[in-house]
>>> print(open('coords19.cif').read())   # mmCIF, C-alpha atoms
data_upload
loop_
_atom_site.group_PDB
_atom_site.id
_atom_site.type_symbol
_atom_site.label_atom_id
_atom_site.label_comp_id
_atom_site.auth_asym_id
_atom_site.auth_seq_id
_atom_site.Cartn_x
_atom_site.Cartn_y
_atom_site.Cartn_z
ATOM 1 C CA MET O 263 96.484 -102.005 -55.557
ATOM 2 C CA ILE O 264 93.048 -100.554 -54.795
ATOM 3 C CA LYS O 265 91.604 -99.042 -51.635
ATOM 4 C CA VAL O 266 88.056 -99.171 -50.323
ATOM 5 C CA LEU O 267 86.684 -96.677 -47.800
ATOM 6 C CA ALA O 268 83.677 -97.719 -45.703
ATOM 7 C CA GLY O 269 82.199 -95.169 -43.322
ATOM 8 C CA ALA O 270 80.993 -96.282 -39.890
ATOM 9 C CA ILE O 271 77.944 -95.226 -37.897
ATOM 10 C CA LYS O 272 77.154 -97.273 -34.809
ATOM 11 C CA HIS O 273 73.923 -99.238 -34.437
ATOM 12 C CA PRO O 274 71.350 -96.819 -32.965
ATOM 13 C CA VAL O 275 70.504 -98.894 -29.867
ATOM 14 C CA ASN O 276 72.845 -101.854 -29.392
ATOM 15 C CA ARG O 277 75.821 -100.086 -27.748
ATOM 16 C CA THR O 278 77.125 -96.839 -26.363
ATOM 17 C CA GLN O 279 79.674 -95.115 -28.575
ATOM 18 C CA THR O 280 82.505 -96.278 -26.314
ATOM 19 C CA GLU O 281 81.254 -99.883 -26.444
ATOM 20 C CA PHE O 282 80.871 -99.613 -30.216
ATOM 21 C CA HIS O 283 84.497 -98.584 -30.698
ATOM 22 C CA GLU O 284 85.744 -101.338 -28.386
ATOM 23 C CA TYR O 285 83.736 -104.080 -30.143
ATOM 24 C CA TRP O 286 84.650 -102.830 -33.612
ATOM 25 C CA GLN O 287 88.367 -102.890 -32.792
ATOM 26 C CA SER O 288 88.579 -106.059 -30.672
ATOM 27 C CA ARG O 289 85.941 -108.314 -32.283
ATOM 28 C CA HIS O 290 84.587 -107.291 -35.673
ATOM 29 C CA GLY O 291 87.859 -105.959 -37.074
ATOM 30 C CA PRO O 292 89.970 -109.033 -36.246
ATOM 31 C CA LEU O 293 87.178 -111.249 -37.613
ATOM 32 C CA PHE O 294 87.077 -109.494 -40.984
ATOM 33 C CA ALA O 295 90.895 -109.433 -41.052
ATOM 34 C CA LYS O 296 90.751 -113.218 -41.501
ATOM 35 C CA THR O 297 89.531 -112.593 -45.079
ATOM 36 C CA PRO O 298 92.323 -114.189 -47.172
ATOM 37 C CA GLU O 299 92.231 -111.723 -50.076
ATOM 38 C CA LEU O 300 92.345 -108.665 -47.774
ATOM 39 C CA ARG O 301 95.886 -107.265 -47.913
ATOM 40 C CA LYS O 302 95.633 -104.394 -45.433
ATOM 41 C CA TYR O 303 92.964 -103.107 -43.055
ATOM 42 C CA VAL O 304 93.071 -99.866 -41.065
ATOM 43 C CA GLN O 305 90.334 -98.573 -38.763
ATOM 44 C CA HIS O 306 89.790 -94.904 -37.988
ATOM 45 C CA HIS O 307 87.881 -94.160 -34.772
ATOM 46 C CA SER O 308 86.689 -90.547 -34.566
ATOM 47 C CA LEU O 309 88.257 -88.958 -31.495
ATOM 48 C CA PRO O 310 85.830 -87.783 -28.771
ATOM 49 C CA GLU O 311 87.778 -84.538 -28.335
ATOM 50 C CA SER O 312 87.491 -83.736 -32.045
ATOM 51 C CA TYR O 313 83.712 -83.259 -31.948
ATOM 52 C CA GLY O 314 84.132 -79.815 -30.430
ATOM 53 C CA GLY O 315 86.415 -78.545 -33.179
ATOM 54 C CA THR O 316 86.465 -77.916 -36.902
ATOM 55 C CA PRO O 317 86.404 -79.976 -39.042
ATOM 56 C CA LYS O 318 83.870 -81.885 -36.939
ATOM 57 C CA PRO O 319 83.398 -85.629 -37.548
ATOM 58 C CA THR O 320 80.179 -86.614 -39.283
ATOM 59 C CA LEU O 321 80.852 -90.354 -38.844
ATOM 60 C CA HIS O 322 81.857 -92.437 -35.842
ATOM 61 C CA GLY O 323 84.745 -93.713 -37.933
ATOM 62 C CA ALA O 324 85.755 -95.452 -41.128
ATOM 63 C CA SER O 325 87.458 -98.632 -42.283
ATOM 64 C CA MET O 326 89.989 -98.658 -45.086
ATOM 65 C CA PHE O 327 90.729 -101.855 -47.010
ATOM 66 C CA TRP O 328 93.485 -102.680 -49.517
ATOM 67 C CA PHE O 329 93.099 -105.362 -52.218
ATOM 68 C CA ASP O 330 95.408 -106.430 -55.025
ATOM 69 C CA SER O 331 93.069 -105.421 -57.832
ATOM 70 C CA LEU O 332 89.523 -104.602 -58.809
ATOM 71 C CA ASP O 333 89.091 -108.205 -59.933
ATOM 72 C CA VAL O 334 89.031 -109.276 -56.277
ATOM 73 C CA LEU O 335 85.826 -107.265 -55.830
ATOM 74 C CA ARG O 336 84.443 -108.249 -59.218
ATOM 75 C CA ASN O 337 85.035 -111.979 -58.669
ATOM 76 C CA PRO O 338 85.673 -112.600 -54.970
ATOM 77 C CA PRO O 339 87.106 -116.023 -54.121
ATOM 78 C CA PRO O 340 84.978 -118.478 -52.125
ATOM 79 C CA SER O 341 84.903 -117.606 -48.448
ATOM 80 C CA PRO O 342 86.379 -120.222 -46.062
ATOM 81 C CA ARG O 343 84.248 -121.888 -43.431
ATOM 82 C CA LEU O 344 84.244 -120.006 -40.167
ATOM 83 C CA TYR O 345 85.730 -123.016 -38.381
ATOM 84 C CA ASP O 346 88.674 -123.027 -40.834
ATOM 85 C CA ALA O 347 89.244 -119.250 -40.722
ATOM 86 C CA VAL O 348 89.091 -118.720 -36.945
ATOM 87 C CA ARG O 349 91.123 -121.304 -35.053
ATOM 88 C CA GLN O 350 91.511 -122.198 -31.384
ATOM 89 C CA GLU O 351 94.801 -120.321 -31.182
ATOM 90 C CA ASP O 352 92.805 -117.137 -31.855
ATOM 91 C CA GLN O 353 91.484 -117.605 -28.294
ATOM 92 C CA VAL O 354 89.022 -114.758 -27.580
ATOM 93 C CA LEU O 355 87.947 -114.549 -31.222
ATOM 94 C CA PHE O 356 87.433 -118.310 -31.357
ATOM 95 C CA GLU O 357 85.322 -118.376 -28.198
ATOM 96 C CA TRP O 358 83.252 -115.391 -29.278
ATOM 97 C CA TYR O 359 82.331 -116.525 -32.788
ATOM 98 C CA VAL O 360 83.071 -120.242 -33.058
ATOM 99 C CA GLY O 361 82.742 -121.682 -29.566
ATOM 100 C CA SER O 362 79.453 -119.890 -28.987
ATOM 101 C CA SER O 363 78.036 -120.678 -32.475
ATOM 102 C CA ARG O 364 77.000 -117.029 -32.313
ATOM 103 C CA TYR O 365 75.354 -116.804 -35.719
ATOM 104 C CA GLY O 366 75.012 -120.454 -36.672
ATOM 105 C CA ALA O 367 76.931 -123.719 -36.893
ATOM 106 C CA PRO O 368 80.613 -122.789 -37.494
ATOM 107 C CA GLY O 369 81.063 -125.846 -39.681
ATOM 108 C CA ARG O 370 78.403 -124.562 -42.088
ATOM 109 C CA MET O 371 78.750 -120.767 -41.750
ATOM 110 C CA THR O 372 81.340 -119.129 -43.962
ATOM 111 C CA LEU O 373 83.563 -116.342 -42.733
ATOM 112 C CA ARG O 374 81.789 -113.897 -45.059
ATOM 113 C CA GLU O 375 78.341 -114.865 -43.741
ATOM 114 C CA THR O 376 79.547 -114.384 -40.165
ATOM 115 C CA VAL O 377 81.034 -110.975 -40.950
ATOM 116 C CA VAL O 378 77.745 -109.854 -42.527
ATOM 117 C CA ALA O 379 75.723 -111.056 -39.525
ATOM 118 C CA ASP O 380 78.110 -109.327 -37.134
ATOM 119 C CA ASP O 381 77.951 -106.158 -39.235
ATOM 120 C CA ARG O 382 74.167 -105.924 -38.864
ATOM 121 C CA GLN O 383 74.279 -105.765 -35.073
ATOM 122 C CA LEU O 384 77.253 -103.358 -34.941
ATOM 123 C CA PHE O 385 76.587 -100.676 -37.572
ATOM 124 C CA ASP O 386 73.546 -98.599 -38.467
ATOM 125 C CA ARG O 387 71.999 -100.392 -41.445
ATOM 126 C CA THR O 388 68.461 -99.084 -40.879
ATOM 127 C CA GLN O 389 66.612 -97.856 -43.959
ATOM 128 C CA ASN O 390 64.900 -94.832 -42.447
ATOM 129 C CA TRP O 391 65.692 -91.496 -44.065
ATOM 130 C CA PRO O 392 67.922 -89.591 -44.388
ATOM 131 C CA LEU O 393 70.216 -92.317 -45.671
ATOM 132 C CA GLY O 394 73.015 -90.143 -47.081
ATOM 133 C CA GLY O 395 74.847 -89.612 -43.821
ATOM 134 C CA LYS O 396 74.991 -93.349 -43.082
ATOM 135 C CA ARG O 397 76.713 -94.521 -46.238
ATOM 136 C CA THR O 398 80.294 -94.090 -47.346
ATOM 137 C CA SER O 399 81.505 -96.597 -49.925
ATOM 138 C CA ILE O 400 84.314 -95.700 -52.344
ATOM 139 C CA VAL O 401 86.623 -97.872 -54.457
ATOM 140 C CA ALA O 402 89.686 -95.900 -55.453
ATOM 141 C CA GLN O 403 93.351 -95.696 -56.309
ATOM 142 C CA GLU O 404 95.591 -93.407 -54.329
ATOM 143 C CA ARG O 405 97.611 -90.491 -55.668
ATOM 144 C CA VAL O 406 100.143 -89.193 -53.173
ATOM 145 C CA ILE O 407 100.437 -85.403 -53.113
ATOM 146 C CA VAL O 408 102.693 -84.888 -50.079
ATOM 147 C CA ASP O 409 104.829 -87.945 -49.362
ATOM 148 C CA GLY O 410 105.918 -87.263 -45.793
ATOM 149 C CA PRO O 411 106.500 -89.711 -42.928
ATOM 150 C CA THR O 412 103.748 -90.462 -40.414
ATOM 151 C CA THR O 413 103.572 -91.949 -36.921
ATOM 152 C CA PRO O 414 100.704 -93.806 -35.180
ATOM 153 C CA GLY O 415 100.109 -90.891 -32.814
ATOM 154 C CA MET O 416 99.398 -88.364 -35.557
ATOM 155 C CA ILE O 417 95.954 -86.927 -36.214
ATOM 156 C CA LYS O 418 94.459 -87.976 -39.525
ATOM 157 C CA VAL O 419 91.519 -86.319 -41.241
ATOM 158 C CA ILE O 420 89.553 -88.118 -43.945
ATOM 159 C CA TRP O 421 87.160 -86.207 -46.185
ATOM 160 C CA ALA O 422 84.833 -88.171 -48.505
ATOM 161 C CA PHE O 423 83.037 -86.136 -51.141
ATOM 162 C CA SER O 424 81.096 -86.028 -54.383
ATOM 163 C CA ARG O 425 81.694 -83.739 -57.334
ATOM 164 C CA LYS O 426 79.473 -80.758 -58.009
ATOM 165 C CA PRO O 427 76.575 -81.397 -60.392
ATOM 166 C CA GLY O 428 77.603 -80.698 -63.968
ATOM 167 C CA LEU O 429 81.207 -81.867 -63.552
ATOM 168 C CA ALA O 430 82.264 -84.940 -65.502
ATOM 169 C CA LEU O 431 84.317 -87.398 -63.462
ATOM 170 C CA ASP O 432 87.476 -86.894 -65.519
ATOM 171 C CA GLU O 433 87.413 -83.087 -65.281
ATOM 172 C CA PHE O 434 86.608 -83.290 -61.567
ATOM 173 C CA GLN O 435 89.595 -85.578 -60.959
ATOM 174 C CA GLU O 436 91.917 -83.469 -63.092
ATOM 175 C CA HIS O 437 91.124 -80.249 -61.204
ATOM 176 C CA TRP O 438 91.189 -82.023 -57.844
ATOM 177 C CA HIS O 439 94.691 -83.324 -58.507
ATOM 178 C CA ASP O 440 96.309 -80.528 -60.508
ATOM 179 C CA VAL O 441 94.807 -77.476 -58.815
ATOM 180 C CA HIS O 442 93.204 -78.411 -55.502
ATOM 181 C CA GLY O 443 96.005 -80.807 -54.632
ATOM 182 C CA HIS O 444 98.613 -78.099 -55.190
ATOM 183 C CA LEU O 445 96.718 -75.797 -52.815
ATOM 184 C CA GLY O 446 96.362 -78.528 -50.208
ATOM 185 C CA ALA O 447 100.076 -79.270 -50.278
ATOM 186 C CA ARG O 448 100.722 -75.748 -48.956
ATOM 187 C CA LEU O 449 98.790 -76.205 -45.698
ATOM 188 C CA PRO O 450 101.002 -75.397 -42.704
ATOM 189 C CA GLY O 451 101.842 -78.312 -40.432
ATOM 190 C CA LEU O 452 100.713 -80.917 -42.985
ATOM 191 C CA HIS O 453 102.926 -84.035 -42.978
ATOM 192 C CA ARG O 454 101.268 -86.231 -45.581
ATOM 193 C CA TYR O 455 98.439 -85.767 -48.074
ATOM 194 C CA VAL O 456 96.907 -88.525 -50.204
ATOM 195 C CA GLN O 457 94.082 -88.223 -52.703
ATOM 196 C CA ASN O 458 92.047 -91.340 -53.531
ATOM 197 C CA HIS O 459 90.320 -91.130 -56.903
ATOM 198 C CA SER O 460 87.327 -93.363 -57.540
ATOM 199 C CA LEU O 461 87.805 -95.920 -60.305
ATOM 200 C CA PRO O 462 85.343 -95.319 -63.176
ATOM 201 C CA GLU O 463 84.979 -99.062 -63.825
ATOM 202 C CA ALA O 464 84.126 -99.686 -60.145
ATOM 203 C CA TYR O 465 80.786 -97.858 -60.426
ATOM 204 C CA ALA O 466 79.398 -100.844 -62.331
ATOM 205 C CA ILE O 467 80.572 -103.365 -59.710
ATOM 206 C CA ARG O 468 79.157 -101.926 -56.492
ATOM 207 C CA PRO O 469 77.204 -98.797 -55.568
ATOM 208 C CA MET O 470 79.515 -95.906 -54.709
ATOM 209 C CA THR O 471 78.322 -93.084 -52.523
ATOM 210 C CA HIS O 472 81.084 -90.554 -53.275
ATOM 211 C CA ASP O 473 83.620 -89.782 -55.985
ATOM 212 C CA GLY O 474 86.743 -89.845 -53.852
ATOM 213 C CA PHE O 475 88.352 -89.200 -50.493
ATOM 214 C CA SER O 476 91.370 -87.360 -49.119
ATOM 215 C CA GLU O 477 93.653 -88.304 -46.223
ATOM 216 C CA ALA O 478 95.763 -85.693 -44.405
ATOM 217 C CA TRP O 479 98.039 -86.007 -41.368
ATOM 218 C CA TRP O 480 98.994 -83.459 -38.681
ATOM 219 C CA ASP O 481 100.963 -83.837 -35.438
ATOM 220 C CA ASP O 482 97.953 -83.205 -33.193
ATOM 221 C CA LEU O 483 94.596 -81.422 -32.973
ATOM 222 C CA GLU O 484 96.274 -78.133 -32.086
ATOM 223 C CA SER O 485 98.359 -78.264 -35.271
ATOM 224 C CA LEU O 486 95.229 -79.060 -37.271
ATOM 225 C CA GLN O 487 93.375 -76.076 -35.799
ATOM 226 C CA GLN O 488 96.299 -73.754 -36.484
ATOM 227 C CA SER O 489 96.351 -74.958 -40.078
ATOM 228 C CA ARG O 490 92.607 -74.383 -40.369
ATOM 229 C CA THR O 491 92.974 -70.664 -39.518
ATOM 230 C CA SER O 492 95.671 -70.057 -42.147
ATOM 231 C CA PRO O 493 95.329 -68.182 -45.459
ATOM 232 C CA GLU O 494 96.329 -71.405 -47.198
ATOM 233 C CA TRP O 495 93.278 -73.166 -45.738
ATOM 234 C CA ASP O 496 91.054 -70.291 -46.891
ATOM 235 C CA ALA O 497 92.391 -70.640 -50.437
ATOM 236 C CA LEU O 498 91.831 -74.405 -50.363
ATOM 237 C CA SER O 499 88.270 -73.984 -49.063
ATOM 238 C CA SER O 500 87.483 -71.379 -51.698
ATOM 239 C CA ASP O 501 88.582 -73.727 -54.465
ATOM 240 C CA GLY O 502 86.610 -76.560 -52.858
ATOM 241 C CA GLN O 503 83.396 -74.561 -53.245
ATOM 242 C CA THR O 504 83.796 -74.855 -57.026
ATOM 243 C CA LEU O 505 84.607 -78.549 -56.930
ATOM 244 C CA PHE O 506 82.709 -80.448 -54.216
ATOM 245 C CA SER O 507 79.109 -80.992 -53.188
ATOM 246 C CA TYR O 508 78.369 -80.394 -49.520
ATOM 247 C CA PRO O 509 78.102 -81.649 -46.845
ATOM 248 C CA MET O 510 81.107 -83.953 -46.888
ATOM 249 C CA ALA O 511 81.671 -87.058 -44.778
ATOM 250 C CA VAL O 512 84.424 -86.324 -42.239
ATOM 251 C CA ILE O 513 86.473 -88.475 -39.849
ATOM 252 C CA VAL O 514 89.076 -87.090 -37.410
ATOM 253 C CA ALA O 515 91.026 -89.998 -35.957
ATOM 254 C CA ARG O 516 94.264 -91.858 -35.411
ATOM 255 C CA GLU O 517 95.046 -94.958 -37.441
ATOM 256 C CA THR O 518 94.474 -98.375 -35.898
ATOM 257 C CA VAL O 519 96.125 -101.025 -38.069
ATOM 258 C CA ILE O 520 94.235 -104.330 -37.884
ATOM 259 C CA LYS O 521 96.081 -106.163 -40.663
ATOM 260 C CA ASP O 522 99.024 -105.375 -42.935
ATOM 261 C CA THR O 523 100.571 -107.906 -45.302
ATOM 262 C CA LEU O 524 102.044 -105.305 -47.647
ATOM 263 C CA ALA O 525 105.833 -105.335 -47.746
ATOM 264 C CA GLY O 526 106.996 -101.956 -46.506
ATOM 265 C CA GLY O 527 103.351 -100.988 -45.880
ATOM 266 C CA ARG O 528 102.810 -97.643 -44.264
#
>>> encode(input="coords19.cif", output="structure tokens")
Amino acid sequence: MIKVLAGAIKHPVNRTQTEFHEYWQSRHGPLFAKTPELRKYVQHHSLPESYGGTPKPTLHGASMFWFDSLDVLRNPPPSPRLYDAVRQEDQVLFEWYVGSSRYGAPGRMTLRETVVADDRQLFDRTQNWPLGGKRTSIVAQERVIVDGPTTPGMIKVIWAFSRKPGLALDEFQEHWHDVHGHLGARLPGLHRYVQNHSLPEAYAIRPMTHDGFSEAWWDDLESLQQSRTSPEWDALSSDGQTLFSYPMAVIVARETVIKDTLAGGR
């Protein structure tokens, strides 16, 4: 099983941030969830109240996708026609994309073509610089460090990062897991901690913007802030200065599960 992280920045003019989050969750997400080979799909919408704290979100959110293997990305199966993927029983989704012929004739448009067209009017895909803060694309495998239970109401922080110049990928991943992971596991109030290490062979399949991402869960923002002021956080941050390039991409959110076909999926 592989995971893909895609950072989200709203289109600069098409919607307010509130409208962006609503459309992403109620329209675009359910549309992409129709992708047959997609096994699980979780959205993370940065919380408005988190922008005044630390860590502060740098992205409006992020999508996380699960696929069976890297071969699905290397050789994706043919996309179904939109009319076959979105049916009348999907009601609002059907009327929005199929009934309106929003991006073209639904009998000719594929699901993938419709998703791409919808993506362009929802997310910031402009090419003006700086580009770095707009792009977060990582193909990885997870390594669980703290295997605790989670609930939908918990706060989740995602950090996406690149290794410091001069570090080979294998030595970066070894230190991240064996040393930095051990320090992170000590954070007070932490319920679950997952590292996601980029797959070396994935760099040749699609451009990757970062070398990995971490996921960490706390009960609430107050618990996160208390953890951030601890000596354990200071030790983790100090080690991070030797390991990561800055700035990082950051999302502070709750999970919104759009699709989950994994048996016993978290």
>>> closest_residue(input="coords19.cif", among="O:Arg336, O:Lys272, O:Lys265, O:Arg490", to="Lys302 (chain O)", atoms="all atoms listed in the file")
O:Lys265
>>> resolve_selection(input="coords19.cif", expression="the PyMOL selection byres ((chain O and resi 415-424) around 7)", output="VMD selection string")
chain O and resid 412 to 414 425 to 426 472 to 483 506 to 507 510 to 516
>>> residues_around(input="coords19.cif", residues="Met470 (chain O)", least_positions_apart="2", cutoff="9 Å", atoms="only C-alpha atoms", output="mmCIF file with C-alpha atoms, in the frame of the given file")
data_model
loop_
_atom_site.group_PDB
_atom_site.id
_atom_site.type_symbol
_atom_site.label_atom_id
_atom_site.label_comp_id
_atom_site.auth_asym_id
_atom_site.auth_seq_id
_atom_site.Cartn_x
_atom_site.Cartn_y
_atom_site.Cartn_z
ATOM 1 C CA THR O 398 80.294 -94.090 -47.346
ATOM 2 C CA SER O 399 81.505 -96.597 -49.925
ATOM 3 C CA ILE O 400 84.314 -95.700 -52.344
ATOM 4 C CA VAL O 401 86.623 -97.872 -54.457
ATOM 5 C CA SER O 460 87.327 -93.363 -57.540
ATOM 6 C CA ALA O 464 84.126 -99.686 -60.145
ATOM 7 C CA TYR O 465 80.786 -97.858 -60.426
ATOM 8 C CA ARG O 468 79.157 -101.926 -56.492
ATOM 9 C CA HIS O 472 81.084 -90.554 -53.275
ATOM 10 C CA ASP O 473 83.620 -89.782 -55.985
#
>>> residues_around(input="coords19.cif", residues="His444 (chain O)", least_positions_apart="3", cutoff="12 Å", atoms="all atoms listed in the file", output="MDAnalysis selection string")
chainID O and resid 406:408 436:441 447:449 455:457 494:495 497:498 501
>>> atom_distance(input="coords19.cif", atom1="CA of Glu484 (chain O)", atom2="CA of Leu321 (chain O)")
20.8 Å
>>> closest_residue(input="coords19.cif", among="O:Lys318, O:His459, O:Arg370, O:Arg397", to="Leu486 (chain O)", atoms="only C-alpha atoms")
O:Lys318
>>> resolve_selection(input="coords19.cif", expression="the PyMOL selection byres ((chain O and resi 300) around 9)", output="PyMOL selection string")
chain O and resi 294-299+301-303+327-330+521-523
>>> resolve_selection(input="coords19.cif", expression="the PyMOL selection byres ((chain O and resi 518) around 8)", output="list in words")
Val304, Gln305, His306, His307, Pro414, Arg516, Glu517, Val519 and Ile520 of chain O
>>> atom_distance(input="coords19.cif", atom1="CA of Ala347 (chain O)", atom2="CA of Phe282 (chain O)")
23.8 Å
>>> axis_aligned_box(input="coords19.cif", around="region 363-372 of chain O", padding_each_side="6 Å", output="JSON")
{"center_x": 78.2, "center_y": -121.3, "center_z": -38.1, "size_x": 18.3, "size_y": 21.0, "size_z": 23.6}
>>> atom_distance(input="coords19.cif", atom1="CA of Glu404 (chain O)", atom2="CA of His453 (chain O)")
16.4 Å
>>> closest_residue(input="coords19.cif", among="O:Arg289, O:Pro462, O:Gln487, O:Leu429", to="Gln353 (chain O)", atoms="only C-alpha atoms")
O:Arg289
>>> closest_residue(input="coords19.cif", among="O:Gly323, O:Gly410, O:Pro310, O:Pro317", to="Leu267 (chain O)", atoms="all atoms listed in the file")
O:Gly323
>>> closest_residue(input="coords19.cif", among="O:Thr388, O:Gln279, O:Thr320, O:Ser312", to="Pro509 (chain O)", atoms="only C-alpha atoms")
O:Thr320
>>> build_atoms(input="coords19.cif", residues="region 374-382 of chain O", atoms="all heavy atoms", output="JSON list (two decimals), in the frame of the given file")
[["chain", "number", "residue", "atom", "x", "y", "z"],
["O", 374, "ARG", "N", 82.50, -115.05, -44.51],
["O", 374, "ARG", "CA", 81.79, -113.90, -45.06],
["O", 374, "ARG", "C", 80.39, -113.78, -44.47],
["O", 374, "ARG", "O", 79.94, -112.68, -44.13],
["O", 374, "ARG", "CB", 81.73, -114.02, -46.59],
["O", 374, "ARG", "CG", 81.19, -112.78, -47.30],
["O", 374, "ARG", "CD", 81.31, -112.94, -48.81],
["O", 374, "ARG", "NE", 82.70, -113.02, -49.22],
["O", 374, "ARG", "CZ", 83.17, -113.89, -50.10],
["O", 374, "ARG", "NH1", 82.37, -114.78, -50.66],
["O", 374, "ARG", "NH2", 84.46, -113.88, -50.43],
["O", 375, "GLU", "N", 79.68, -114.89, -44.33],
["O", 375, "GLU", "CA", 78.34, -114.86, -43.74],
["O", 375, "GLU", "C", 78.39, -114.39, -42.29],
["O", 375, "GLU", "O", 77.51, -113.65, -41.84],
["O", 375, "GLU", "CB", 77.71, -116.25, -43.81],
["O", 375, "GLU", "CG", 77.31, -116.70, -45.21],
["O", 375, "GLU", "CD", 76.92, -118.16, -45.26],
["O", 375, "GLU", "OE1", 77.36, -118.94, -44.38],
["O", 375, "GLU", "OE2", 76.19, -118.54, -46.20],
["O", 376, "THR", "N", 79.41, -114.79, -41.56],
["O", 376, "THR", "CA", 79.55, -114.38, -40.16],
["O", 376, "THR", "C", 79.85, -112.90, -40.06],
["O", 376, "THR", "O", 79.30, -112.19, -39.20],
["O", 376, "THR", "CB", 80.66, -115.20, -39.48],
["O", 376, "THR", "OG1", 80.41, -116.60, -39.68],
["O", 376, "THR", "CG2", 80.71, -114.90, -38.00],
["O", 377, "VAL", "N", 80.71, -112.40, -40.94],
["O", 377, "VAL", "CA", 81.03, -110.98, -40.95],
["O", 377, "VAL", "C", 79.77, -110.15, -41.23],
["O", 377, "VAL", "O", 79.51, -109.14, -40.57],
["O", 377, "VAL", "CB", 82.12, -110.67, -42.00],
["O", 377, "VAL", "CG1", 82.25, -109.16, -42.22],
["O", 377, "VAL", "CG2", 83.46, -111.24, -41.56],
["O", 378, "VAL", "N", 78.98, -110.58, -42.19],
["O", 378, "VAL", "CA", 77.74, -109.85, -42.53],
["O", 378, "VAL", "C", 76.78, -109.86, -41.34],
["O", 378, "VAL", "O", 76.17, -108.82, -41.02],
["O", 378, "VAL", "CB", 77.08, -110.47, -43.78],
["O", 378, "VAL", "CG1", 75.69, -109.89, -43.98],
["O", 378, "VAL", "CG2", 77.95, -110.23, -45.00],
["O", 379, "ALA", "N", 76.62, -110.98, -40.68],
["O", 379, "ALA", "CA", 75.72, -111.06, -39.52],
["O", 379, "ALA", "C", 76.22, -110.17, -38.39],
["O", 379, "ALA", "O", 75.44, -109.49, -37.72],
["O", 379, "ALA", "CB", 75.60, -112.50, -39.05],
["O", 380, "ASP", "N", 77.53, -110.16, -38.18],
["O", 380, "ASP", "CA", 78.11, -109.33, -37.13],
["O", 380, "ASP", "C", 77.97, -107.85, -37.48],
["O", 380, "ASP", "O", 77.73, -107.01, -36.60],
["O", 380, "ASP", "CB", 79.58, -109.70, -36.96],
["O", 380, "ASP", "CG", 80.13, -109.33, -35.60],
["O", 380, "ASP", "OD1", 79.51, -109.69, -34.58],
["O", 380, "ASP", "OD2", 81.19, -108.67, -35.54],
["O", 381, "ASP", "N", 78.10, -107.54, -38.75],
["O", 381, "ASP", "CA", 77.95, -106.16, -39.24],
["O", 381, "ASP", "C", 76.58, -105.59, -38.89],
["O", 381, "ASP", "O", 76.46, -104.45, -38.45],
["O", 381, "ASP", "CB", 78.16, -106.16, -40.76],
["O", 381, "ASP", "CG", 77.99, -104.79, -41.39],
["O", 381, "ASP", "OD1", 76.82, -104.34, -41.52],
["O", 381, "ASP", "OD2", 79.00, -104.19, -41.78],
["O", 382, "ARG", "N", 75.54, -106.41, -39.05],
["O", 382, "ARG", "CA", 74.17, -105.92, -38.86],
["O", 382, "ARG", "C", 73.89, -105.49, -37.43],
["O", 382, "ARG", "O", 73.07, -104.59, -37.21],
["O", 382, "ARG", "CB", 73.16, -107.01, -39.26],
["O", 382, "ARG", "CG", 73.13, -107.32, -40.75],
["O", 382, "ARG", "CD", 71.90, -108.14, -41.10],
["O", 382, "ARG", "NE", 71.95, -108.63, -42.45],
["O", 382, "ARG", "CZ", 72.24, -109.88, -42.80],
["O", 382, "ARG", "NH1", 72.50, -110.77, -41.83],
["O", 382, "ARG", "NH2", 72.28, -110.27, -44.05]]
